[in-house]
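S.K.: Dropping a structure here in structure tokens format, bear with me for questions.
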Amino acid sequence: MQDLLTVRERVEELRRQIEYHNYRYYVLDQPEISDAEYDRLMEELRRLEAEHPELASPDSPTQRVGAGPVETFGIVEHRLPLLSLANAFGPEALRAWHARVERLIGPRPLVYVLEPKVDGLAVSLVYEDGKLTVAATRGDGFRGENVTQNVRTIRSVPWTLRGRAPRYLEVRGEVYLSREAFKQINAERAAEGQPLFANPRNAAAGSLRQLDPRVTASRPLDIFIYQVGYYEDGALPRSHWEALQHLRELGFKINPANERLADFAAVVAACQRWEARREQFPYDIDGVVVKIDDLDLQAELGAVGREPRWAIAYKFAPTQATTRLLRIDVNVGRTGSINPFAVLEPVQVGGVVVKLASLHNEEDIRRKDIRVGDTVIVQRAGEVIPQVIGPVLSKRPPDAQPYQLPTRCPRCGAAIVKPPGEAMARCTGGVQCPAQLFELLKHFASRDAMDIDGLGEKLAAALLEAGLVRDVADLYYLRKEQLVPLERMGEKRAENLLRSIAASRERPLERLLYALGIRHVGAQTAALLARRFGSLDALRAASEAEIAAVEGVGPVIAASVRAWFDEPRNLAVLEKLRQAGVRFTQEAAPTAGLPLAGKTFVLTGRLERMTRLEAEARIKELGGTVSDTVSRKTDYLVVGAEPGSKLRRAQQLGTRLLDEAAFEALLAGHPLPEPAGPDA
DNA sequence: CCGCCTCGAGTTCT
DNA sequence: CTCGAGGCGG
């Protein structure tokens with residue numbers, strides 16, 4: 001039995017250490033110890049508290065997991081109201097604000113502080129004698145809800161201030177969720193069939209307003225403190241910037257992206273720069289808050305109504321908008337997949353007018369409960385494809401009906417079936433379906449398949465419309481006089497097209513195999529099959545078991561391939577291709593002994609001196625393979641300008657990175673210097 | 001049977 | 001780029 005005094009000392013020591021490491025990890029983002037070591041400290045503390053209930057304390061870091069639920073939130077009167085900010089939409093409005101400031105205080109040199117306007121929810125935190133006593137939502141600015149128990153679960157909120165704390169301190173901050181955490185929470189909710197949050201802000205608000213703080217604790221909320229509200233006992237610095245530094249010393253998390261600028265032109269430029277790079281913040285921001293730095297000037301400028309004149313919110317173009325869902329139509333894919341899409345009342349979002357948005361599949365529409373006639377939230381951020389996030393239920397027309405997929409294909413009338421357990425419904429019309437034939441023709445001619453230059457969307461439609469092509473083999477029997485009457489088709493273009501078609505007869509087997517559009521056979525699988533069987537006839541003659549025996553091919557793909565070759569219509573197409581002189585064999589392409597044999601590459605970002613396609617071709621020539629996703633099996637990630645998410649994954653996995661110069665050196669046959677060791 | 005790794009397929013606007 | 005799902009190793 002241990003002496004209780006020493007146990008108490010140990011408990012206090014552990015609490016001190018854990019709070020310190022919390023601070024290093026969550027506030028400074030500079031941990032000093034590993035997660036495992038941290039877990040060990042936490043585990044020991046938990047154990048001691050369990051063994052000695054008399055030592056338990058609501059101030060112990062073990063309580064960050066949250067206490068029991070409450071019935072309702074109390075109301076908190078803010079000692080000083082939380083003001084709102086005037087908005088500036090665009091640089092002109094920002095300049096107008098600035099002109100007014102100068103008019104009021106006369107022209108003199110000004111210093112500005114810029115802070116990302118994080119899209120979360122504002123809270124007020126009160127510290128008395130250095131201890132967190134009350135946390136409240138903004139509410140109407142005068143009175144908010146008491147969410148102290150929930151805010152205490154946020155790891156970057158100090159319970160006790162560091163250093164010499166004022167007797168009474170109130171600070172304001174923004175509670176938010178990172179985009180990553182938001183995605184994770186929604187994925188969990190989707191798995192549990194719960195309604196999804198529309199955006200990180202809603203998720204953060206929902207999390208903070210949980211009656212059960214244990215739920216809040218499970219959500220990785222974070223906070224940035226941006227303002228002193230009320231400060232009693234002790235002198236505050238003269239400037240906002242210094243006040244933020246002071247708050248940082250007290251243990252608060254201050255946004256490291258904040259900037260102090262002394263030139264208004266630079267302020268405007270910075271706002272625009274941040275807008276262009278808003279995706280690079282790990283959390284959503286909807287603008288930039290610009291503040292006059294000097295606190296005396298702030299006081300002089302004062303407020304109009306509830307808006308201070310010394311600050312303004314420069315607002316970015318919104319990435320979400322609401323609009324009406326007019327109709328749900330469906331597209332038919334090459335494989336017969338039925339792909340519903342939303343026809344929207346045109347709406348400006350993310351800098352473009354959106355009229356259409358994909359809806360993926362019936363299941364997705366059901367889960368989001370999207371109905372024709374609904375007002376829906378549409379999102380488009382950066383280059384990302386527009387998405388329908390969900391309905392605004394309060395605006396739903398009373399007669400709106402849940403969406404039902406059509407039972408017959410809108411293009412060919414064949415039955416639509418949805419195999420149990422699969423997400424996608426399919427048209428059963430096969431190549432009889434004009435939509436599927438059209439998609440197949442485009443696919444056949446596409447660059448990774450037979451690469452027929454000049455045969456794109458438009459021409460494929462025209463050839464089908466004119467009845468010149470009923471299957472892909474018909475392409476090789478086209479004559480010039482048939483083509484010329486087509487719209488926008490002269491002698492010259494017809495000749496060029498026929499030449500491209502003729503040239504495509506020489507494509508290697510793997511291209512042809514891919515071009516045929518056999519279900520589950522993409523470029524990669526086509527290459528595996530071509531390499532193993534060497535000729536189309538050998539593959540046609542193979543049994544299902546022989547096909548399934550190929551490395552990387554399993555029962556599903558084997559059955560699909562076998563079924564394709566058992567279809568008389570397909571065999572007829574093959575005979576026509578053969579008659580037309582299309583190559584049915586693989587060229588011998590030995591890869592053994594080449595310098596990059598066995599090496600797997602992934603490319604990300606834009607290369608300066610060659611296209612991505614050229615880079616891929618060079619790697620393959622030298623015996624390497626190119627993959628699409630970074631995994632443990634990836635040997636090199638070639639990093640170009642503006643790399644994507646692959647770079648982060650590669651860094652996590654410790655994959656070797658090559659910049660363009662190093663990549664070129666490798667291609668030129670120069671061995672790479674060994675990677676630096678951990679102690680180098 | 002589960003969890004990783006890959007591959008296939010589809011998508012908006014300019 | 002993202003989702004869904006096939007293949008495969010443990």
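Residues in the structure tokens are named by chain (A, B, ... in the order shown) and by number from 1 within that chain; ligands are numbered from 1 in the order shown.
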Skip DT6 of chain B itself and residues of its chain fewer than 4 positions away, then list as number ranges by chain all residues within 12 Å of it, counting only C-alpha atoms (C1' of nucleotides).
M.R.: A: 522, 524-525, 552-553, 627-634; C: 5-8
S.K.: Those selected residues, please, written with N, CA and C atoms (P, O5', C5', C4', C3', O3' and C1' of nucleotides) and delivered as an mmCIF file, in the first residue's frame.
M.R.:
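Dumped everything to part_36.cif:
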```cif
data_model
loop_
_atom_site.group_PDB
_atom_site.id
_atom_site.type_symbol
_atom_site.label_atom_id
_atom_site.label_comp_id
_atom_site.auth_asym_id
_atom_site.auth_seq_id
_atom_site.Cartn_x
_atom_site.Cartn_y
_atom_site.Cartn_z
ATOM 1 N N GLY A 522 -10.264 -2.478 -67.076
ATOM 2 C CA GLY A 522 -9.716 -1.156 -67.332
ATOM 3 C C GLY A 522 -8.338 -1.304 -67.946
ATOM 4 N N GLN A 524 -5.395 -1.219 -66.700
ATOM 5 C CA GLN A 524 -4.460 -2.049 -65.957
ATOM 6 C C GLN A 524 -4.731 -3.547 -66.174
ATOM 7 N N THR A 525 -5.994 -3.914 -66.005
ATOM 8 C CA THR A 525 -6.369 -5.315 -66.166
ATOM 9 C C THR A 525 -6.164 -5.768 -67.609
ATOM 10 N N GLY A 552 -3.803 -10.857 -60.140
ATOM 11 C CA GLY A 552 -4.525 -9.592 -60.175
ATOM 12 C C GLY A 552 -5.915 -9.721 -60.779
ATOM 13 N N VAL A 553 -6.238 -10.894 -61.273
ATOM 14 C CA VAL A 553 -7.574 -11.138 -61.816
ATOM 15 C C VAL A 553 -8.255 -12.170 -60.928
ATOM 16 N N SER A 627 1.501 4.230 -61.088
ATOM 17 C CA SER A 627 0.253 3.976 -60.381
ATOM 18 C C SER A 627 -0.425 5.298 -60.066
ATOM 19 N N ASP A 628 -1.633 5.207 -59.568
ATOM 20 C CA ASP A 628 -2.451 6.391 -59.391
ATOM 21 C C ASP A 628 -2.489 6.837 -57.934
ATOM 22 N N THR A 629 -2.295 5.886 -57.039
ATOM 23 C CA THR A 629 -2.408 6.218 -55.626
ATOM 24 C C THR A 629 -1.129 5.826 -54.892
ATOM 25 N N VAL A 630 -0.780 6.636 -53.918
ATOM 26 C CA VAL A 630 0.419 6.383 -53.130
ATOM 27 C C VAL A 630 0.111 5.334 -52.059
ATOM 28 N N SER A 631 0.906 4.303 -52.004
ATOM 29 C CA SER A 631 0.755 3.310 -50.944
ATOM 30 C C SER A 631 2.155 2.879 -50.520
ATOM 31 N N ARG A 632 2.202 1.915 -49.620
ATOM 32 C CA ARG A 632 3.504 1.452 -49.144
ATOM 33 C C ARG A 632 4.346 0.870 -50.273
ATOM 34 N N LYS A 633 3.659 0.427 -51.333
ATOM 35 C CA LYS A 633 4.404 -0.206 -52.422
ATOM 36 C C LYS A 633 4.999 0.813 -53.387
ATOM 37 N N THR A 634 4.656 2.076 -53.217
ATOM 38 C CA THR A 634 5.169 3.101 -54.115
ATOM 39 C C THR A 634 6.635 3.380 -53.795
ATOM 40 P P DA C 5 -20.583 -0.912 -54.456
ATOM 41 O "O5'" DA C 5 -19.408 -1.820 -55.009
ATOM 42 C "C5'" DA C 5 -19.004 -1.691 -56.368
ATOM 43 C "C4'" DA C 5 -17.760 -2.509 -56.550
ATOM 44 C "C3'" DA C 5 -17.738 -3.801 -55.723
ATOM 45 O "O3'" DA C 5 -16.978 -4.747 -56.416
ATOM 46 C "C1'" DA C 5 -15.898 -2.550 -55.196
ATOM 47 P P DG C 6 -17.380 -6.195 -56.573
ATOM 48 O "O5'" DG C 6 -16.045 -6.835 -57.162
ATOM 49 C "C5'" DG C 6 -15.526 -6.328 -58.395
ATOM 50 C "C4'" DG C 6 -14.050 -6.621 -58.445
ATOM 51 C "C3'" DG C 6 -13.682 -8.027 -57.986
ATOM 52 O "O3'" DG C 6 -12.635 -8.491 -58.820
ATOM 53 C "C1'" DG C 6 -12.589 -6.442 -56.629
ATOM 54 P P DG C 7 -12.028 -9.883 -58.655
ATOM 55 O "O5'" DG C 7 -10.728 -9.580 -57.791
ATOM 56 C "C5'" DG C 7 -9.725 -8.756 -58.358
ATOM 57 C "C4'" DG C 7 -8.441 -8.892 -57.565
ATOM 58 C "C3'" DG C 7 -8.107 -10.315 -57.123
ATOM 59 O "O3'" DG C 7 -6.703 -10.421 -57.242
ATOM 60 C "C1'" DG C 7 -8.344 -8.935 -55.226
ATOM 61 P P DC C 8 -5.951 -11.735 -56.998
ATOM 62 O "O5'" DC C 8 -5.337 -11.525 -55.545
ATOM 63 C "C5'" DC C 8 -4.684 -10.299 -55.236
ATOM 64 C "C4'" DC C 8 -4.263 -10.315 -53.789
ATOM 65 C "C3'" DC C 8 -3.954 -11.702 -53.209
ATOM 66 O "O3'" DC C 8 -2.862 -11.546 -52.340
ATOM 67 C "C1'" DC C 8 -5.566 -10.677 -51.894
#
```
S.K.: Give me, as an NGL selection string, all polymer residues having an atom no more than 12 Å from Ala266 of chain A, counting only C-alpha atoms (C1' of nucleotides) and skipping those fewer than 6 positions away in the same chain.
M.R.: :A and (91 or 95 or 111-114 or 259-260 or 272-274 or 290)
S.K.: Based on the selection just made, write all heavy atoms of those residues as a tab-separated table (two decimals), in the first residue's frame.
M.R.:
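Contents of selection-v8.tsv, freshly written:
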```tsv
chain	number	residue	atom	x	y	z
A	91	PRO	N	-12.67	44.34	-53.07
A	91	PRO	CA	-11.67	45.35	-52.75
A	91	PRO	C	-12.25	46.76	-52.69
A	91	PRO	O	-11.82	47.58	-51.87
A	91	PRO	CB	-10.67	45.25	-53.89
A	91	PRO	CG	-10.95	43.98	-54.59
A	91	PRO	CD	-12.34	43.57	-54.27
A	95	ARG	N	-11.81	49.44	-49.67
A	95	ARG	CA	-11.23	50.78	-49.81
A	95	ARG	C	-12.17	51.84	-49.26
A	95	ARG	O	-11.74	52.83	-48.66
A	95	ARG	CB	-10.92	51.07	-51.29
A	95	ARG	CG	-9.73	50.27	-51.79
A	95	ARG	CD	-9.21	50.77	-53.12
A	95	ARG	NE	-8.25	49.79	-53.63
A	95	ARG	CZ	-8.56	48.84	-54.51
A	95	ARG	NH1	-9.78	48.76	-55.00
A	95	ARG	NH2	-7.64	47.98	-54.90
A	111	VAL	N	-1.47	51.08	-38.96
A	111	VAL	CA	-1.01	49.69	-38.98
A	111	VAL	C	-2.26	48.82	-38.88
A	111	VAL	O	-3.20	49.16	-38.16
A	111	VAL	CB	-0.05	49.42	-37.80
A	111	VAL	CG1	0.36	47.95	-37.76
A	111	VAL	CG2	1.19	50.31	-37.91
A	112	TYR	N	-2.25	47.72	-39.63
A	112	TYR	CA	-3.43	46.86	-39.71
A	112	TYR	C	-3.06	45.44	-39.28
A	112	TYR	O	-1.96	44.98	-39.53
A	112	TYR	CB	-3.97	46.79	-41.14
A	112	TYR	CG	-4.08	48.14	-41.78
A	112	TYR	CD1	-2.98	48.71	-42.42
A	112	TYR	CD2	-5.27	48.86	-41.72
A	112	TYR	CE1	-3.06	49.95	-43.01
A	112	TYR	CE2	-5.37	50.11	-42.31
A	112	TYR	CZ	-4.26	50.66	-42.95
A	112	TYR	OH	-4.34	51.90	-43.52
A	113	VAL	N	-4.03	44.77	-38.67
A	113	VAL	CA	-3.85	43.35	-38.38
A	113	VAL	C	-4.87	42.56	-39.19
A	113	VAL	O	-6.05	42.93	-39.22
A	113	VAL	CB	-4.03	43.06	-36.88
A	113	VAL	CG1	-3.98	41.55	-36.61
A	113	VAL	CG2	-2.94	43.77	-36.08
A	114	LEU	N	-4.40	41.54	-39.88
A	114	LEU	CA	-5.26	40.70	-40.69
A	114	LEU	C	-5.38	39.33	-40.05
A	114	LEU	O	-4.37	38.74	-39.66
A	114	LEU	CB	-4.68	40.52	-42.10
A	114	LEU	CG	-5.02	41.61	-43.12
A	114	LEU	CD1	-4.41	42.93	-42.69
A	114	LEU	CD2	-4.55	41.21	-44.49
A	259	GLU	N	-1.47	38.37	-39.69
A	259	GLU	CA	-0.38	39.21	-40.20
A	259	GLU	C	-0.57	40.65	-39.73
A	259	GLU	O	-1.70	41.11	-39.55
A	259	GLU	CB	-0.38	39.22	-41.74
A	259	GLU	CG	0.23	37.98	-42.36
A	259	GLU	CD	0.29	38.08	-43.88
A	259	GLU	OE1	0.43	39.20	-44.40
A	259	GLU	OE2	0.19	37.02	-44.52
A	260	ARG	N	0.55	41.34	-39.55
A	260	ARG	CA	0.48	42.77	-39.25
A	260	ARG	C	1.12	43.51	-40.41
A	260	ARG	O	2.26	43.21	-40.79
A	260	ARG	CB	1.21	43.09	-37.95
A	260	ARG	CG	1.21	44.59	-37.67
A	260	ARG	CD	1.23	44.92	-36.20
A	260	ARG	NE	2.54	44.67	-35.60
A	260	ARG	CZ	2.91	45.24	-34.46
A	260	ARG	NH1	2.11	46.06	-33.82
A	260	ARG	NH2	4.08	44.96	-33.95
A	272	GLN	N	-6.76	39.47	-51.17
A	272	GLN	CA	-6.99	38.75	-52.43
A	272	GLN	C	-6.13	37.49	-52.50
A	272	GLN	O	-6.55	36.46	-53.03
A	272	GLN	CB	-6.71	39.68	-53.60
A	272	GLN	CG	-7.76	40.77	-53.67
A	272	GLN	CD	-7.45	41.84	-54.71
A	272	GLN	OE1	-6.34	42.37	-54.74
A	272	GLN	NE2	-8.42	42.14	-55.54
A	273	ARG	N	-4.93	37.58	-51.95
A	273	ARG	CA	-4.05	36.42	-51.95
A	273	ARG	C	-4.68	35.31	-51.11
A	273	ARG	O	-4.71	34.15	-51.51
A	273	ARG	CB	-2.69	36.83	-51.38
A	273	ARG	CG	-1.60	35.80	-51.61
A	273	ARG	CD	-0.27	36.29	-51.07
A	273	ARG	NE	-0.26	36.36	-49.62
A	273	ARG	CZ	0.06	37.45	-48.92
A	273	ARG	NH1	0.40	38.55	-49.51
A	273	ARG	NH2	0.02	37.41	-47.59
A	274	TRP	N	-5.19	35.69	-49.93
A	274	TRP	CA	-5.80	34.66	-49.08
A	274	TRP	C	-7.03	34.05	-49.73
A	274	TRP	O	-7.30	32.87	-49.56
A	274	TRP	CB	-6.17	35.27	-47.72
A	274	TRP	CG	-4.99	35.41	-46.82
A	274	TRP	CD1	-3.69	35.15	-47.13
A	274	TRP	CD2	-5.00	35.84	-45.45
A	274	TRP	NE1	-2.88	35.39	-46.04
A	274	TRP	CE2	-3.66	35.81	-44.99
A	274	TRP	CE3	-5.99	36.24	-44.58
A	274	TRP	CZ2	-3.30	36.17	-43.69
A	274	TRP	CZ3	-5.64	36.59	-43.28
A	274	TRP	CH2	-4.31	36.56	-42.85
A	290	VAL	N	-10.04	42.56	-41.02
A	290	VAL	CA	-9.01	43.60	-41.02
A	290	VAL	C	-9.30	44.52	-39.84
A	290	VAL	O	-10.41	45.03	-39.71
A	290	VAL	CB	-9.03	44.40	-42.34
A	290	VAL	CG1	-7.93	45.47	-42.32
A	290	VAL	CG2	-8.86	43.47	-43.53
```
S.K.: Pick out the chain A residues within 9 Å of chain C. Count only C-alpha atoms (C1' of nucleotides). Give them as a list in words.
M.R.: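 The answer, sorted by residue number, is Val384, Glu422, Ala423, His520, Gly552, Val553, Gly554, Pro555, Val556 and Ile557 of chain A.
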S.K.: Per residue of chain B within 9 Å of chain A, which atom pair is closest and at what distance in Å (one decimal), using only C-alpha atoms (C1' of nucleotides), listed by chain and increasing number, as a Markdown table?
M.R.:
```
| residue | atom | partner | partner_atom | distance |
| --- | --- | --- | --- | --- |
| B:DC5 | C1' | A:Ser631 | CA | 7.2 |
| B:DT6 | C1' | A:Thr629 | CA | 8.1 |
| B:DC7 | C1' | A:Gln524 | CA | 7.3 |
| B:DG8 | C1' | A:Gly522 | CA | 6.0 |
| B:DA9 | C1' | A:Thr335 | CA | 8.6 |
| B:DG10 | C1' | A:Gly333 | CA | 7.8 |
| B:DT11 | C1' | A:Ser358 | CA | 6.9 |
| B:DT12 | C1' | A:Ile385 | CA | 5.3 |
| B:DC13 | C1' | A:Val352 | CA | 7.8 |
```
S.K.: Can you spit out the residues from that selection as a PDB file, in the first residue's frame, using N, CA and C atoms (P, O5', C5', C4', C3', O3' and C1' of nucleotides)?
M.R.:
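Once everything was written out, this is out_23.pdb:
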```
ATOM      1  P    DC B   5      -1.894  -0.130 -47.369  1.00  0.00           P
ATOM      2  O5'  DC B   5      -2.153  -0.560 -48.887  1.00  0.00           O
ATOM      3  C5'  DC B   5      -1.757  -1.862 -49.276  1.00  0.00           C
ATOM      4  C4'  DC B   5      -2.270  -2.121 -50.657  1.00  0.00           C
ATOM      5  C3'  DC B   5      -2.088  -0.945 -51.620  1.00  0.00           C
ATOM      6  O3'  DC B   5      -1.418  -1.453 -52.744  1.00  0.00           O
ATOM      7  C1'  DC B   5      -4.299  -1.785 -51.725  1.00  0.00           C
ATOM      8  P    DT B   6      -0.744  -0.458 -53.784  1.00  0.00           P
ATOM      9  O5'  DT B   6      -1.479  -0.847 -55.138  1.00  0.00           O
ATOM     10  C5'  DT B   6      -2.800  -0.966 -55.035  1.00  0.00           C
ATOM     11  C4'  DT B   6      -3.422  -1.689 -56.171  1.00  0.00           C
ATOM     12  C3'  DT B   6      -3.521  -0.812 -57.399  1.00  0.00           C
ATOM     13  O3'  DT B   6      -3.459  -1.611 -58.567  1.00  0.00           O
ATOM     14  C1'  DT B   6      -5.674  -1.119 -56.384  1.00  0.00           C
ATOM     15  P    DC B   7      -3.376  -0.903 -59.944  1.00  0.00           P
ATOM     16  O5'  DC B   7      -4.884  -1.006 -60.423  1.00  0.00           O
ATOM     17  C5'  DC B   7      -5.510  -2.275 -60.407  1.00  0.00           C
ATOM     18  C4'  DC B   7      -6.966  -2.084 -60.713  1.00  0.00           C
ATOM     19  C3'  DC B   7      -7.220  -1.214 -61.934  1.00  0.00           C
ATOM     20  O3'  DC B   7      -8.099  -1.929 -62.760  1.00  0.00           O
ATOM     21  C1'  DC B   7      -8.483  -0.454 -60.077  1.00  0.00           C
ATOM     22  P    DG B   8      -8.449  -1.347 -64.167  1.00  0.00           P
ATOM     23  O5'  DG B   8      -9.924  -0.829 -63.911  1.00  0.00           O
ATOM     24  C5'  DG B   8     -10.864  -1.725 -63.355  1.00  0.00           C
ATOM     25  C4'  DG B   8     -12.219  -1.070 -63.280  1.00  0.00           C
ATOM     26  C3'  DG B   8     -12.637  -0.271 -64.497  1.00  0.00           C
ATOM     27  O3'  DG B   8     -14.017  -0.545 -64.662  1.00  0.00           O
ATOM     28  C1'  DG B   8     -12.615   1.145 -62.601  1.00  0.00           C
ATOM     29  P    DA B   9     -14.753  -0.023 -65.946  1.00  0.00           P
ATOM     30  O5'  DA B   9     -15.428   1.295 -65.367  1.00  0.00           O
ATOM     31  C5'  DA B   9     -16.424   1.151 -64.360  1.00  0.00           C
ATOM     32  C4'  DA B   9     -16.994   2.507 -64.043  1.00  0.00           C
ATOM     33  C3'  DA B   9     -17.233   3.393 -65.262  1.00  0.00           C
ATOM     34  O3'  DA B   9     -18.562   3.867 -65.177  1.00  0.00           O
ATOM     35  C1'  DA B   9     -15.947   4.536 -63.636  1.00  0.00           C
ATOM     36  P    DG B  10     -19.184   4.695 -66.339  1.00  0.00           P
ATOM     37  O5'  DG B  10     -19.474   6.056 -65.577  1.00  0.00           O
ATOM     38  C5'  DG B  10     -19.887   6.010 -64.203  1.00  0.00           C
ATOM     39  C4'  DG B  10     -19.853   7.424 -63.671  1.00  0.00           C
ATOM     40  C3'  DG B  10     -20.120   8.478 -64.751  1.00  0.00           C
ATOM     41  O3'  DG B  10     -20.931   9.515 -64.237  1.00  0.00           O
ATOM     42  C1'  DG B  10     -18.038   8.891 -63.747  1.00  0.00           C
ATOM     43  P    DT B  11     -21.475  10.564 -65.253  1.00  0.00           P
ATOM     44  O5'  DT B  11     -21.577  11.830 -64.307  1.00  0.00           O
ATOM     45  C5'  DT B  11     -21.000  11.853 -63.008  1.00  0.00           C
ATOM     46  C4'  DT B  11     -20.393  13.233 -62.778  1.00  0.00           C
ATOM     47  C3'  DT B  11     -20.505  14.180 -63.988  1.00  0.00           C
ATOM     48  O3'  DT B  11     -20.988  15.437 -63.565  1.00  0.00           O
ATOM     49  C1'  DT B  11     -18.244  14.007 -63.321  1.00  0.00           C
ATOM     50  P    DT B  12     -21.764  16.218 -64.703  1.00  0.00           P
ATOM     51  O5'  DT B  12     -21.470  17.733 -64.316  1.00  0.00           O
ATOM     52  C5'  DT B  12     -21.206  18.116 -62.967  1.00  0.00           C
ATOM     53  C4'  DT B  12     -20.742  19.562 -62.991  1.00  0.00           C
ATOM     54  C3'  DT B  12     -21.167  20.310 -64.251  1.00  0.00           C
ATOM     55  O3'  DT B  12     -21.568  21.627 -63.902  1.00  0.00           O
ATOM     56  C1'  DT B  12     -18.793  20.265 -64.093  1.00  0.00           C
ATOM     57  P    DC B  13     -22.266  22.534 -65.005  1.00  0.00           P
ATOM     58  O5'  DC B  13     -21.104  23.575 -65.298  1.00  0.00           O
ATOM     59  C5'  DC B  13     -20.269  23.981 -64.208  1.00  0.00           C
ATOM     60  C4'  DC B  13     -19.148  24.852 -64.724  1.00  0.00           C
ATOM     61  C3'  DC B  13     -19.473  25.617 -66.008  1.00  0.00           C
ATOM     62  O3'  DC B  13     -19.021  26.949 -65.885  1.00  0.00           O
ATOM     63  C1'  DC B  13     -17.548  24.271 -66.341  1.00  0.00           C
TER      64       DC B  13
END
```
S.K.: By how many Å are atom CA of Gln651 of chain A and atom CA of Glu616 of chain A apart?
M.R.: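 For atom CA of Gln651 of chain A relative to atom CA of Glu616 of chain A, the distance reads 21.7 Å.
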S.K.: Give me, as a PyMOL selection string, the residues of segment 496-655 of chain A that a backbone DSSP run labels helix (DSSP H, G or I).
M.R.: chain A and resi 496-506+509-515+523-533+536-541+544-548+555-566+568-579+612-621+645-653
S.K.: What's around segment 48-62 of chain A at 10 Å? Count only C-alpha atoms (C1' of nucleotides), leave out sequence neighbours fewer than 3 positions away in its own chain, and write the answer as a list in words.
M.R.: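 So the residues in contact are Leu4, Val7, Arg8, Arg10, Val11, Glu12, Leu14, Arg15, Arg16, Gln17, Ile18, Glu19, Asn22, Met42, Glu43, Glu44, Leu45, Val65, Gly66, Ala67, Lys131, Arg152, Thr153, Arg155, Trp159 and Thr160 of chain A.
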S.K.: In Å, with one decimal, what is the gap from atom CA of Gly390 of chain A to atom CA of Val332 of chain A?
M.R.: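 Between atom CA of Gly390 of chain A and atom CA of Val332 of chain A the gap works out to 23.5 Å.
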S.K.: Fewer than 5 positions away in the same chain doesn't count, so skip those; otherwise give me all residues within 9 Å of segment 491-493 of chain A, counting only C-alpha atoms (C1' of nucleotides), as a CSV table (one decimal) with all heavy atoms, in the first residue's frame.
M.R.:
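Heads up, here's the output in part.csv:
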```csv
chain,number,residue,atom,x,y,z
A,454,GLY,N,-9.4,13.0,-83.6
A,454,GLY,CA,-10.5,13.6,-84.3
A,454,GLY,C,-11.9,13.0,-84.1
A,454,GLY,O,-12.9,13.5,-84.5
A,480,LYS,N,-15.0,7.7,-97.6
A,480,LYS,CA,-14.9,9.1,-97.6
A,480,LYS,C,-16.3,9.7,-98.0
A,480,LYS,O,-16.8,10.7,-97.4
A,480,LYS,CB,-13.8,9.6,-98.5
A,480,LYS,CG,-13.5,11.1,-98.3
A,480,LYS,CD,-12.2,11.5,-99.0
A,480,LYS,CE,-12.4,12.1,-100.3
A,480,LYS,NZ,-11.2,12.4,-101.0
A,481,GLU,N,-16.9,9.2,-99.0
A,481,GLU,CA,-18.1,9.7,-99.6
A,481,GLU,C,-19.3,9.6,-98.6
A,481,GLU,O,-20.3,10.4,-98.6
A,481,GLU,CB,-18.5,9.1,-100.9
A,481,GLU,CG,-18.6,7.6,-101.0
A,481,GLU,CD,-17.3,6.9,-101.2
A,481,GLU,OE1,-16.2,7.5,-100.9
A,481,GLU,OE2,-17.3,5.8,-101.7
A,483,LEU,N,-18.7,10.1,-95.3
A,483,LEU,CA,-18.5,11.1,-94.3
A,483,LEU,C,-18.7,12.5,-94.7
A,483,LEU,O,-19.3,13.3,-93.9
A,483,LEU,CB,-17.0,11.0,-93.9
A,483,LEU,CG,-16.6,9.7,-93.1
A,483,LEU,CD1,-15.1,9.7,-92.9
A,483,LEU,CD2,-17.3,9.7,-91.8
A,484,VAL,N,-18.4,12.8,-95.9
A,484,VAL,CA,-18.4,14.2,-96.4
A,484,VAL,C,-19.8,14.9,-96.2
A,484,VAL,O,-19.8,16.1,-95.8
A,484,VAL,CB,-17.9,14.3,-97.9
A,484,VAL,CG1,-18.2,15.7,-98.4
A,484,VAL,CG2,-16.4,14.0,-97.9
A,498,LEU,N,-10.1,9.3,-91.6
A,498,LEU,CA,-9.9,8.0,-92.1
A,498,LEU,C,-8.5,7.5,-91.8
A,498,LEU,O,-8.2,6.4,-91.5
A,498,LEU,CB,-10.2,7.9,-93.6
A,498,LEU,CG,-11.7,8.0,-93.8
A,498,LEU,CD1,-12.0,8.0,-95.3
A,498,LEU,CD2,-12.5,6.9,-93.2
```
S.K.: Segment 497-614 of chain A: which residues are strand (DSSP E or B) by DSSP, as a PyMOL selection string?
M.R.: chain A and resi 535+585+600-604+606
S.K.: Between atom CA of Leu657 of chain A and atom CA of Glu180 of chain A, what is the distance in Å, rounded to a tenth?
M.R.: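 Atom CA of Glu180 of chain A lies 23.8 Å from atom CA of Leu657 of chain A.
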S.K.: I'd like the neighbourhood of segment 228-242 of chain A as a PyMOL selection string, where a residue qualifies if any of its atoms comes within 6 Å (using only C-alpha atoms (C1' of nucleotides)), though same-chain residues fewer than 2 positions away should be ignored.
M.R.: chain A and resi 166-171+244-245+293-295
S.K.: Quick one: everything within 10 Å of Glu664 of chain A, counting only C-alpha atoms (C1' of nucleotides), minus sequence neighbours fewer than 4 positions away in the same chain. Send it as an MDAnalysis selection string.
M.R.: chainID A and resid 609:610 615 658:660 668:670
